[in-house]
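Down below is the structure, laid out as structure tokens.
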Amino acid sequence: MASFNKVILIGNLVDDPELKTTPNGVPVTNFRIAVSRRYQRTEGQQDADFINIVCWRQTAEFVKRFFTKGKSILICGSLQSRTWTDNNGQKRYALEVLADEVSFVEKKSDSQSAPRDQMSAPAPYSSASEDISFEEMSTDDDLPF
């Protein structure tokens with residue numbers, strides 16, 4: 001059976017991301033983003049969904065360094081669910097997005113209050129490090145379609 005699991009979100013961080021390290025030394029950060037819904041209530045208020053995000057390794061370090069509460073962020077990843085039993089014996093369930101890629105949404109000029117090191121932020125980070133090479137074609141006649 002085929003399956004597909006891809007999530008793309010743009011939202012604002014609800015809190016500052018907190019970087020933690022696993023016992024094996026792997027960096028991880030968990031944070032929530034608020035994503036506005038497309039429609040508004042009859043009172044004119046716009047609802048938002050609050051979505052849990054998990055980032056690992058370099059992606060986690062990138063988020064911690066360049067994003068703070070209220071900043072817009074673009075997340076590409078996959079949906080994952082977890083279950084566990086808490087200290088009281090209750091079964092718990094979590095649904096979250098495992099971020100593969102994160103990116104800036106605002107332009108540098110939109111981030112006036114950002115620290116100077118954020119103003120010269122690097123390109124968006126992707127955990128998929130692929131070396132993609134392109135072949136230059138001389139004319140459109142060489143295209144395979």
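By order of appearance in the structure tokens: chains A, B, ..., then residues from 1 within every chain, and ligands from 1 in the order shown.
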**OP:** Determine, counting only C-alpha atoms, which protein, DNA and RNA residues have an atom within 9 Å of an atom of A:Asn5; residues of the same chain fewer than 2 positions away are not included. Present the result as a VMD selection string.
**Re:** chain A and resid 3 7 77 to 80
**OP:** Give me the residues within 10 Å of stretch 87-104 of chain A as a VMD selection string, counting only C-alpha atoms and dropping any in the same chain fewer than 5 places off.
**Re:** chain A and resid 6 to 10 30 to 32 51 to 56 59 to 60 62 to 63 66 to 67 71 to 82 121 to 128
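For the atom pair formed by atom CA of A:Leu19 and atom CA of A:Lys64, the distance is 6.3 Å, given to one decimal.
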**OP:** Among the residues of stretch 10-112 of chain A, find those DSSP assigns to strand (DSSP E or B) from the backbone and print them as a VMD selection string.
**Re:** chain A and resid 10 to 13 18 to 21 27 to 40 46 to 56 72 to 85 91 to 104
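Comparing the minimum interatomic distances between A:Ser36 and each of A:Asn12, A:Thr83, A:Thr22, A:Thr68, counting only C-alpha atoms, we find that A:Asn12 sits nearest.
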Original post:
What residues in stretch 9-112 of chain A get the DSSP label alpha helix (DSSP H)? Please answer as a PyMOL selection string.
Top reply: chain A and resi 57-66
**OP:** Tell me, in Å to one decimal, how far atom CA of A:Asp15 is from atom CA of A:Val35.
**Re:**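 Between atom CA of A:Asp15 and atom CA of A:Val35 the gap is 13.6 Å.
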